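Have a look at work_30.cif below; it lists mmCIF, C-alpha atoms and all ligand atoms.
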```cif
data_my_file
loop_
_atom_site.label_atom_id
_atom_site.label_comp_id
_atom_site.auth_asym_id
_atom_site.auth_seq_id
_atom_site.Cartn_x
_atom_site.Cartn_y
_atom_site.Cartn_z
CA MET I 1 -11.89 28.31 -2.00
CA VAL I 2 -9.01 25.83 -1.78
CA ARG I 3 -8.76 24.17 1.65
CA HIS I 4 -5.43 23.03 3.05
CA ASN I 5 -6.68 21.50 6.30
CA TRP I 6 -8.40 18.32 5.14
CA THR I 7 -8.39 15.49 7.65
CA LYS I 8 -8.26 11.79 6.86
CA GLU I 9 -11.75 11.34 8.35
CA GLU I 10 -13.24 14.05 6.14
CA ILE I 11 -11.59 12.63 3.02
CA LEU I 12 -12.73 9.08 3.86
CA GLU I 13 -16.27 10.33 4.29
CA ILE I 14 -16.13 11.83 0.79
CA TYR I 15 -14.48 8.69 -0.66
CA ASN I 16 -17.19 6.46 0.81
CA LYS I 17 -20.21 8.48 -0.39
CA PRO I 18 -22.75 6.69 -2.62
CA LEU I 19 -20.94 6.58 -5.95
CA LEU I 20 -23.34 8.61 -8.08
CA GLU I 21 -23.65 11.29 -5.41
CA LEU I 22 -19.84 11.43 -5.22
CA VAL I 23 -19.49 11.77 -9.01
CA PHE I 24 -22.19 14.47 -9.11
CA GLU I 25 -20.48 16.48 -6.38
CA ALA I 26 -17.05 16.10 -8.00
CA ALA I 27 -18.48 17.11 -11.40
CA GLN I 28 -19.90 20.28 -9.86
CA VAL I 29 -16.53 21.16 -8.28
CA HIS I 30 -14.81 20.41 -11.58
CA ARG I 31 -17.14 22.70 -13.54
CA LYS I 32 -16.71 25.52 -11.04
CA HIS I 33 -12.91 25.50 -11.19
CA ASN I 34 -12.00 24.11 -14.61
CA ASP I 35 -13.18 23.98 -18.22
CA PRO I 36 -14.85 20.54 -18.39
CA SER I 37 -14.57 20.43 -22.20
CA GLU I 38 -10.76 20.29 -22.08
CA VAL I 39 -8.41 17.45 -21.20
CA GLN I 40 -4.67 17.93 -21.15
CA VAL I 41 -2.73 15.35 -23.14
CA SER I 42 0.70 14.51 -21.69
CA THR I 43 3.30 12.24 -23.23
CA LEU I 44 5.80 10.34 -21.15
CA ILE I 45 9.18 9.58 -22.72
CA SER I 46 11.39 7.08 -20.92
CA ILE I 47 14.74 8.77 -21.54
CA LYS I 48 16.64 6.17 -19.49
CA THR I 49 14.98 2.83 -18.90
CA GLY I 50 15.68 0.06 -16.38
CA GLY I 51 18.62 -0.76 -14.15
CA CYS I 52 17.28 1.28 -11.22
CA PRO I 53 18.85 0.56 -7.80
CA GLU I 54 15.59 1.17 -5.89
CA ASP I 55 13.19 -1.57 -4.77
CA CYS I 56 9.76 -0.03 -5.51
CA GLY I 57 7.46 -3.05 -5.33
CA TYR I 58 5.35 -2.02 -8.33
CA CYS I 59 8.17 -1.19 -10.72
CA PRO I 60 9.54 -3.36 -13.55
CA GLN I 61 12.52 -1.02 -13.91
CA ALA I 62 14.09 -2.03 -10.59
CA ALA I 63 17.29 -3.90 -11.47
CA ARG I 64 16.79 -6.41 -8.67
CA TYR I 65 13.58 -7.91 -10.15
CA HIS I 66 13.44 -10.14 -13.21
CA THR I 67 11.10 -8.56 -15.76
CA ASP I 68 11.25 -8.59 -19.52
CA ILE I 69 11.69 -4.85 -20.06
CA GLU I 70 14.51 -3.72 -22.30
CA GLY I 71 16.75 -1.20 -20.58
CA ASN I 72 18.43 1.64 -22.41
CA ASP I 73 21.09 4.23 -21.63
CA LEU I 74 20.23 7.90 -21.60
CA MET I 75 18.71 8.89 -24.97
CA SER I 76 20.31 11.62 -27.05
CA VAL I 77 18.87 15.13 -27.11
CA ASN I 78 17.93 14.71 -30.78
CA GLN I 79 16.08 11.42 -30.17
CA VAL I 80 14.03 13.00 -27.40
CA LYS I 81 13.30 16.13 -29.43
CA ALA I 82 12.11 14.03 -32.39
CA GLN I 83 9.71 12.07 -30.14
CA ALA I 84 8.48 15.27 -28.51
CA LEU I 85 7.76 16.88 -31.89
CA ARG I 86 5.76 13.82 -32.98
CA ALA I 87 3.80 13.92 -29.72
CA LYS I 88 3.13 17.64 -30.10
CA ALA I 89 1.80 17.08 -33.64
CA SER I 90 -0.79 14.66 -32.26
CA GLY I 91 -2.13 17.01 -29.58
CA THR I 92 0.28 16.68 -26.66
CA SER I 93 0.82 19.87 -24.68
CA ARG I 94 3.13 18.41 -22.02
CA VAL I 95 6.11 16.13 -22.43
CA CYS I 96 7.42 14.37 -19.34
CA MET I 97 10.91 12.85 -19.46
CA GLY I 98 11.43 9.95 -17.07
CA ALA I 99 14.75 8.46 -16.00
CA ALA I 100 15.05 5.35 -13.82
CA TRP I 101 17.36 6.95 -11.27
CA ARG I 102 17.30 6.95 -7.46
CA ASN I 103 18.36 10.60 -7.50
CA VAL I 104 19.91 13.08 -9.88
CA LYS I 105 23.71 13.02 -9.93
CA GLU I 106 25.80 15.97 -11.06
CA GLY I 107 27.74 15.25 -14.24
CA PRO I 108 27.42 14.82 -18.00
CA GLU I 109 24.10 12.95 -17.86
CA PHE I 110 22.44 15.72 -15.86
CA GLU I 111 23.92 18.28 -18.30
CA GLN I 112 22.36 16.27 -21.14
CA VAL I 113 18.97 16.29 -19.44
CA LEU I 114 19.24 20.07 -18.95
CA GLU I 115 19.89 20.41 -22.68
CA MET I 116 16.80 18.27 -23.40
CA VAL I 117 14.74 20.61 -21.20
CA ARG I 118 16.02 23.68 -23.10
CA GLU I 119 15.32 22.11 -26.49
CA LEU I 120 11.78 20.99 -25.56
CA ASN I 121 11.02 24.38 -24.01
CA LYS I 122 11.88 25.93 -27.40
CA ILE I 123 9.26 23.82 -29.22
CA ASP I 124 6.52 25.20 -26.95
CA VAL I 125 5.49 22.19 -24.96
CA GLU I 126 5.26 22.19 -21.18
CA VAL I 127 8.39 20.34 -20.16
CA CYS I 128 8.25 17.99 -17.18
CA CYS I 129 10.89 15.69 -15.72
CA THR I 130 10.77 12.76 -13.34
CA LEU I 131 14.33 11.90 -12.39
CA GLY I 132 14.13 10.79 -8.77
CA MET I 133 15.27 12.74 -5.76
CA LEU I 134 16.48 16.24 -6.42
CA THR I 135 18.49 18.76 -4.41
CA GLU I 136 17.62 22.43 -4.25
CA SER I 137 20.50 23.44 -6.52
CA GLN I 138 19.52 20.81 -9.09
CA ALA I 139 15.91 22.05 -8.98
CA LYS I 140 17.17 25.58 -9.64
CA ARG I 141 19.22 24.42 -12.61
CA LEU I 142 16.21 22.64 -14.10
CA ALA I 143 14.15 25.80 -13.56
CA ASN I 144 16.79 27.89 -15.35
CA ALA I 145 16.72 25.42 -18.26
CA GLY I 146 12.98 26.17 -18.70
CA LEU I 147 11.36 23.26 -16.85
CA TYR I 148 7.60 23.68 -16.34
CA ALA I 149 6.86 20.78 -13.96
CA TYR I 150 8.68 18.20 -11.87
CA ASN I 151 6.99 14.87 -11.12
CA HIS I 152 7.69 13.13 -7.84
CA ASN I 153 4.89 10.83 -6.71
CA LEU I 154 4.14 10.12 -3.07
CA ASP I 155 2.77 6.79 -4.34
CA THR I 156 0.59 6.05 -1.26
CA SER I 157 0.13 6.99 2.40
CA GLU I 158 3.15 7.49 4.67
CA GLU I 159 2.14 4.34 6.59
CA TYR I 160 1.77 2.07 3.57
CA TYR I 161 4.90 3.44 1.86
CA LYS I 162 6.92 1.18 4.18
CA GLU I 163 5.21 -1.85 2.59
CA VAL I 164 6.17 -0.78 -0.91
CA ILE I 165 9.72 0.64 -0.80
CA SER I 166 12.60 0.09 1.60
CA THR I 167 15.38 1.98 -0.14
CA ARG I 168 14.16 5.50 0.62
CA GLY I 169 11.79 7.21 3.03
CA TYR I 170 8.59 9.21 2.61
CA GLU I 171 10.38 12.24 4.01
CA ASP I 172 12.81 12.10 1.06
CA ARG I 173 9.83 12.47 -1.29
CA LEU I 174 8.54 15.45 0.68
CA GLN I 175 12.02 17.00 0.74
CA THR I 176 12.35 16.78 -3.04
CA ILE I 177 8.93 18.38 -3.49
CA ASP I 178 10.04 21.16 -1.09
CA ASN I 179 13.18 21.66 -3.15
CA VAL I 180 11.09 22.03 -6.33
CA ARG I 181 8.81 24.50 -4.52
CA LYS I 182 11.79 26.81 -3.93
CA THR I 183 11.75 27.47 -7.70
CA ASN I 184 8.99 28.49 -10.15
CA VAL I 185 8.69 24.90 -11.40
CA THR I 186 5.21 23.47 -10.77
CA VAL I 187 4.76 20.27 -8.76
CA CYS I 188 3.26 17.06 -10.14
CA SER I 189 2.72 14.44 -7.44
CA GLY I 190 0.22 11.65 -7.07
CA GLY I 191 0.10 7.95 -6.50
CA ILE I 192 -0.94 4.44 -7.39
CA ILE I 193 -4.01 2.53 -6.27
CA GLY I 194 -4.35 -1.24 -6.31
CA MET I 195 -1.10 -2.08 -4.48
CA GLY I 196 -2.94 -3.75 -1.60
CA GLU I 197 -3.49 -0.49 0.30
CA SER I 198 -6.69 0.31 2.23
CA ALA I 199 -9.17 3.13 1.62
CA GLU I 200 -7.57 4.79 4.68
CA ASP I 201 -4.20 4.73 2.88
CA ARG I 202 -5.74 6.33 -0.21
CA ALA I 203 -7.24 9.04 1.99
CA GLY I 204 -3.91 9.38 3.81
CA MET I 205 -2.11 10.09 0.56
CA LEU I 206 -4.71 12.71 -0.33
CA VAL I 207 -4.19 14.33 3.09
CA SER I 208 -0.44 14.61 2.39
CA LEU I 209 -1.07 16.16 -1.04
CA SER I 210 -4.03 18.43 -0.24
CA THR I 211 -2.43 19.96 2.86
CA MET I 212 0.58 21.14 0.89
CA ILE I 213 0.61 24.91 0.41
CA PRO I 214 0.16 25.35 -2.48
CA GLN I 215 -1.41 22.06 -3.52
CA PRO I 216 0.40 20.26 -6.36
CA GLU I 217 -0.54 21.72 -9.74
CA SER I 218 -0.98 18.18 -11.10
CA VAL I 219 -1.91 14.94 -9.37
CA PRO I 220 -1.61 11.74 -11.42
CA ILE I 221 -3.78 8.87 -10.21
CA ASN I 222 -2.44 5.56 -11.47
CA SER I 223 -4.00 2.14 -11.31
CA LEU I 224 -1.36 -0.52 -10.70
CA VAL I 225 -0.26 -2.40 -13.80
CA ALA I 226 0.93 -5.65 -12.20
CA VAL I 227 4.03 -6.75 -14.11
CA GLU I 228 5.35 -10.31 -13.93
CA GLY I 229 8.53 -10.54 -11.90
CA THR I 230 7.74 -7.59 -9.63
CA PRO I 231 6.68 -8.13 -6.00
CA MET I 232 3.15 -7.03 -6.95
CA GLU I 233 2.76 -9.38 -9.91
CA GLU I 234 -0.22 -11.11 -8.30
CA GLN I 235 -2.26 -8.02 -7.48
CA ASN I 236 -5.70 -8.00 -9.10
CA VAL I 237 -6.67 -5.30 -11.56
CA THR I 238 -8.15 -2.33 -9.68
CA SER I 239 -11.90 -1.96 -10.05
CA ILE I 240 -12.98 0.94 -12.24
CA TRP I 241 -15.30 1.97 -9.40
CA ASP I 242 -12.32 2.45 -7.09
CA MET I 243 -10.62 4.52 -9.77
CA VAL I 244 -13.72 6.71 -10.21
CA ARG I 245 -13.96 7.16 -6.42
CA MET I 246 -10.29 8.14 -6.19
CA ILE I 247 -10.48 10.61 -9.09
CA ALA I 248 -13.68 12.18 -7.73
CA THR I 249 -12.29 12.50 -4.20
CA THR I 250 -9.05 14.00 -5.49
CA ARG I 251 -11.06 16.52 -7.52
CA ILE I 252 -13.13 17.57 -4.50
CA VAL I 253 -10.20 18.07 -2.12
CA MET I 254 -7.93 19.67 -4.75
CA PRO I 255 -10.40 21.64 -6.92
CA GLU I 256 -7.89 23.53 -9.08
CA THR I 257 -5.39 20.75 -9.56
CA LEU I 258 -4.97 18.96 -12.87
CA VAL I 259 -6.11 15.46 -11.91
CA ARG I 260 -4.50 13.01 -14.33
CA LEU I 261 -6.00 9.67 -15.27
CA SER I 262 -2.68 7.85 -15.63
CA ALA I 263 -1.50 4.22 -15.78
CA GLY I 264 -3.97 1.39 -16.13
CA ARG I 265 -6.19 2.85 -18.86
CA THR I 266 -5.78 -0.19 -21.12
CA GLU I 267 -7.87 -2.11 -18.57
CA MET I 268 -10.61 0.53 -18.57
CA SER I 269 -13.57 0.68 -20.94
CA ASP I 270 -14.39 3.89 -22.79
CA GLU I 271 -17.43 4.21 -20.53
CA GLY I 272 -15.25 3.86 -17.42
CA GLN I 273 -12.88 6.55 -18.65
CA ALA I 274 -15.86 8.80 -19.51
CA LEU I 275 -17.03 8.51 -15.90
CA CYS I 276 -13.53 9.50 -14.73
CA PHE I 277 -13.66 12.63 -16.95
CA MET I 278 -17.12 13.38 -15.56
CA ALA I 279 -15.70 13.00 -12.03
CA GLY I 280 -12.96 15.55 -12.70
CA ALA I 281 -10.05 13.91 -14.52
CA ALA I 282 -8.60 16.72 -16.64
CA SER I 283 -5.52 15.06 -18.07
CA ILE I 284 -4.35 11.77 -19.55
CA PHE I 285 -1.05 10.24 -20.51
CA ALA I 286 -0.95 9.52 -24.24
CA GLY I 287 1.32 7.29 -26.29
CA ASP I 288 1.34 3.53 -26.66
CA LYS I 289 3.67 3.05 -23.65
CA LEU I 290 3.85 4.56 -20.19
CA LEU I 291 7.55 4.16 -19.44
CA THR I 292 7.40 0.38 -19.80
CA THR I 293 3.73 -0.58 -19.48
CA PRO I 294 1.06 -0.51 -22.25
CA ASN I 295 -1.20 2.49 -22.83
CA PRO I 296 -4.00 3.17 -25.36
CA ASP I 297 -3.08 4.40 -28.83
CA ILE I 298 -3.38 8.19 -29.28
CA ASN I 299 -5.81 7.77 -32.21
CA LYS I 300 -8.13 5.75 -29.97
CA ASP I 301 -7.92 8.50 -27.35
CA MET I 302 -8.76 11.15 -29.94
CA GLU I 303 -11.78 9.10 -31.10
CA LEU I 304 -12.98 8.95 -27.50
CA PHE I 305 -12.44 12.72 -27.11
CA LYS I 306 -14.61 13.24 -30.21
CA ILE I 307 -17.41 11.06 -28.87
CA LEU I 308 -17.33 12.83 -25.50
CA GLY I 309 -16.96 16.36 -26.94
CA LEU I 310 -13.56 16.90 -25.34
CA LYS I 311 -10.61 18.78 -26.78
CA PRO I 312 -6.92 18.73 -25.83
CA THR I 313 -5.80 21.65 -23.66
CA LYS I 314 -3.28 24.05 -25.20
CA PRO I 315 0.11 24.40 -23.48
CA TYR I 316 0.55 27.00 -20.70
CA LYS I 317 -3.19 27.19 -19.96
CA LYS I 318 -2.50 27.62 -16.25
CA GLY I 319 0.90 29.28 -16.21
CA ASP I 320 3.37 31.20 -18.36
CA LYS I 321 6.03 29.55 -20.47
CA PRO I 322 9.19 29.49 -18.34
CA ALA I 323 12.08 31.58 -19.66
CA ILE I 324 15.44 29.92 -20.25
CA VAL I 325 17.91 31.70 -18.00
CA ASP I 326 21.67 31.83 -18.55
CA GLU I 327 23.21 30.36 -15.45
CA GLU I 328 26.41 30.00 -13.61
CA VAL I 329 26.88 26.33 -12.80
CA PRO I 330 26.42 26.29 -9.01
CA THR I 331 28.53 24.17 -6.73
CA SER I 332 26.32 21.49 -5.25
CA ASN I 333 25.43 21.63 -1.60
CA LYS I 334 26.75 18.40 -0.08
CA ALA I 335 24.48 18.80 2.94
CA ASP I 336 21.34 18.24 0.89
CA LEU I 337 22.68 15.16 -0.88
CA LYS I 338 22.07 12.87 2.09
CA TRP I 339 19.02 10.87 1.19
CA SER I 340 17.84 8.23 3.63
CA ARG I 341 17.97 4.44 3.41
CA PRO I 342 15.42 3.26 5.96
CA GLY I 343 16.68 -0.33 5.78
CA HIS I 344 13.46 -2.06 6.90
CA THR I 345 12.60 -5.27 5.07
CA ILE I 346 9.62 -6.03 2.85
CA ASP I 347 9.01 -9.77 2.46
CA LYS I 348 7.46 -9.52 -1.01
CA ASN I 349 10.37 -7.43 -2.33
CA ILE I 350 12.91 -9.87 -0.91
CA ALA I 351 11.06 -12.84 -2.40
CA ALA I 352 10.95 -11.21 -5.87
CA THR I 353 14.66 -10.37 -5.63
CA GLN I 354 15.52 -13.98 -4.70
CA LYS I 355 13.35 -15.31 -7.51
CA ALA I 356 15.19 -13.04 -9.97
CA LYS I 357 18.57 -14.26 -8.68
CA ALA I 358 17.50 -17.88 -9.13
CA ILE I 359 16.37 -17.18 -12.71
CA ARG I 360 19.67 -15.43 -13.49
CA ASN I 361 21.67 -18.33 -12.00
CA THR I 362 19.69 -20.82 -14.09
CA ASN I 363 20.25 -18.79 -17.25
CA ALA I 364 23.99 -18.24 -16.52
S1 LIG I 401 9.67 3.70 -9.60
FE1 LIG I 401 11.43 4.94 -10.19
S2 LIG I 401 12.76 4.87 -8.39
FE2 LIG I 401 11.31 3.16 -8.15
S3 LIG I 401 12.38 1.37 -9.07
FE3 LIG I 401 11.10 2.32 -10.67
S4 LIG I 401 12.48 3.69 -11.75
FE4 LIG I 401 13.42 3.22 -9.78
#
```
Final structure tokens representation of the file:
Amino acid sequence: MVRHNWTKEEILEIYNKPLLELVFEAAQVHRKHNDPSEVQVSTLISIKTGGCPEDCGYCPQAARYHTDIEGNDLMSVNQVKAQALRAKASGTSRVCMGAAWRNVKEGPEFEQVLEMVRELNKIDVEVCCTLGMLTESQAKRLANAGLYAYNHNLDTSEEYYKEVISTRGYEDRLQTIDNVRKTNVTVCSGGIIGMGESAEDRAGMLVSLSTMIPQPESVPINSLVAVEGTPMEEQNVTSIWDMVRMIATTRIVMPETLVRLSAGRTEMSDEGQALCFMAGAASIFAGDKLLTTPNPDINKDMELFKILGLKPTKPYKKGDKPAIVDEEVPTSNKADLKWSRPGHTIDKNIAATQKAKAIRNTNA
């Protein structure tokens, strides 16, 4: 049975169990609800990189920080399709297209993304997008184009969110997820550990996700990749034990969800990743880059799968392929375009922004 009434105290109690007991319990839940011999392989394509107006403290794509990522304009449909076909040939069943936008804006770029969704749907991969905040009418248009999943991470607890981002509110995240839920598109939403949050914050995020009805179909758990120039550049690498705890706890409170072992895998040993699979991780991101940060090579992943006796999940294992529906272009609803700007200040984000300005002035 899937429970939707988890409390923070209950989740913390699970998170803090003796590690091996926790992994054993999570492995039992995983085996009851999922095929433990399969791991879904997802590929993330950064269709538009850098230049983002938001101030997410972990993100090298925020225009206000000085990082060495190379930005690019929106890729062409053919470029994306070629990358997706290559990914599919090496075992990927889901392709996620990410754009560094605050929110989706109506216009030619959105039309181009819709065309990408249609083209990727036709090559039989599960198509996912992560494009920022989304209105209900935009969610419907993506659904009509054949989108399978929409990613919109909560990142952390509602309380700690205020320490990470000041340019939008937690309620905007929840609103976007609600908008996606009004369609047949599945929800992918998770978070990042290692940003300086407490175990209570980790549990708080899992309360927000597990009490959704239905629970998100996929939950990516990322370990912060601290990038120079971002406000979180000095954060230590997250311990593998914390990652195992987080994966196992997520598996127990969301038994049917695809728990994805996401960013940070380059810092994990094969043995550490194996423990995460044991504890219920049922998906990974493949490809040598995750948007802008490094990720293990797909051949290395496939070698590990062989050693562990795992195989990549086929597309549409848990849902039908979405049909592409001819649509009338709807007029957008202005009322749902008002996203918040909380306007509180985050010292670390301000310091990183000032540092970036100073570097730019010196280089000018
Ligand atoms: S995480 Fe997304 S919204 Fe935040 S700065 Fe990066 S690209 Fe922009």
Residue nearest Lys357 in chain I among I:Ser46, I:Thr135, I:Gly229, I:Pro216 (counting all atoms listed in the file): I:Gly229
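Checking I:Ser262, I:Leu44, I:Pro220, I:Cys276 one by one against Ile240 in chain I, counting all atoms listed in the file, you find the shortest gap at I:Cys276.
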For chain I against ligand LIG 401 (chain I), with a cut-off of 8 Å and counting only C-alpha atoms and all ligand atoms, what is the closest atom pair and its distance in Å to one decimal for every residue that makes the cut, ordered by chain and number, as CSV?
```
residue,atom,partner,partner_atom,distance
I:Thr49,CA,I:LIG401,S4,7.6
I:Gly50,CA,I:LIG401,S4,6.7
I:Gly51,CA,I:LIG401,FE4,7.9
I:Cys52,CA,I:LIG401,FE4,4.6
I:Pro53,CA,I:LIG401,FE4,6.4
I:Glu54,CA,I:LIG401,S3,4.5
I:Asp55,CA,I:LIG401,S3,5.3
I:Cys56,CA,I:LIG401,FE2,4.4
I:Gly57,CA,I:LIG401,S3,7.6
I:Tyr58,CA,I:LIG401,S1,7.3
I:Cys59,CA,I:LIG401,FE3,4.6
I:Pro60,CA,I:LIG401,FE3,6.6
I:Gln61,CA,I:LIG401,FE3,4.9
I:Ala62,CA,I:LIG401,S3,4.1
I:Ala63,CA,I:LIG401,S3,7.6
I:Ala99,CA,I:LIG401,S4,6.8
I:Ala100,CA,I:LIG401,S4,3.7
I:Trp101,CA,I:LIG401,FE4,5.6
I:Arg102,CA,I:LIG401,S2,5.1
I:Leu131,CA,I:LIG401,FE1,7.9
I:Gly132,CA,I:LIG401,S2,6.1
I:Ile165,CA,I:LIG401,FE2,7.9
```
Export of prior selection with C-alpha atoms as a short mmCIF file (atom, residue, chain, number, x, y, z; two decimals), keeping the file's coordinate frame:
```cif
data_model
loop_
_atom_site.label_atom_id
_atom_site.label_comp_id
_atom_site.auth_asym_id
_atom_site.auth_seq_id
_atom_site.Cartn_x
_atom_site.Cartn_y
_atom_site.Cartn_z
CA THR I 49 14.98 2.83 -18.90
CA GLY I 50 15.68 0.06 -16.38
CA GLY I 51 18.62 -0.76 -14.15
CA CYS I 52 17.28 1.28 -11.22
CA PRO I 53 18.85 0.56 -7.80
CA GLU I 54 15.59 1.17 -5.89
CA ASP I 55 13.19 -1.57 -4.77
CA CYS I 56 9.76 -0.03 -5.51
CA GLY I 57 7.46 -3.05 -5.33
CA TYR I 58 5.35 -2.02 -8.33
CA CYS I 59 8.17 -1.19 -10.72
CA PRO I 60 9.54 -3.36 -13.55
CA GLN I 61 12.52 -1.02 -13.91
CA ALA I 62 14.09 -2.03 -10.59
CA ALA I 63 17.29 -3.90 -11.47
CA ALA I 99 14.75 8.46 -16.00
CA ALA I 100 15.05 5.35 -13.82
CA TRP I 101 17.36 6.95 -11.27
CA ARG I 102 17.30 6.95 -7.46
CA LEU I 131 14.33 11.90 -12.39
CA GLY I 132 14.13 10.79 -8.77
CA ILE I 165 9.72 0.64 -0.80
#
```
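With all atoms listed in the file as the atoms that count, the residue of I:Ser269, I:Asn363, I:Thr230, I:Asn121 with the shortest distance to Lys300 in chain I is I:Ser269.
Minimum atom-to-atom distance to Lys140 in chain I, evaluated using only C-alpha atoms, belongs to I:Asn179 out of I:Thr92, I:Thr238, I:Ser218, I:Asn179.
Atom pair CA of Leu22 in chain I / CA of Val244 in chain I: separated by 9.2 Å.
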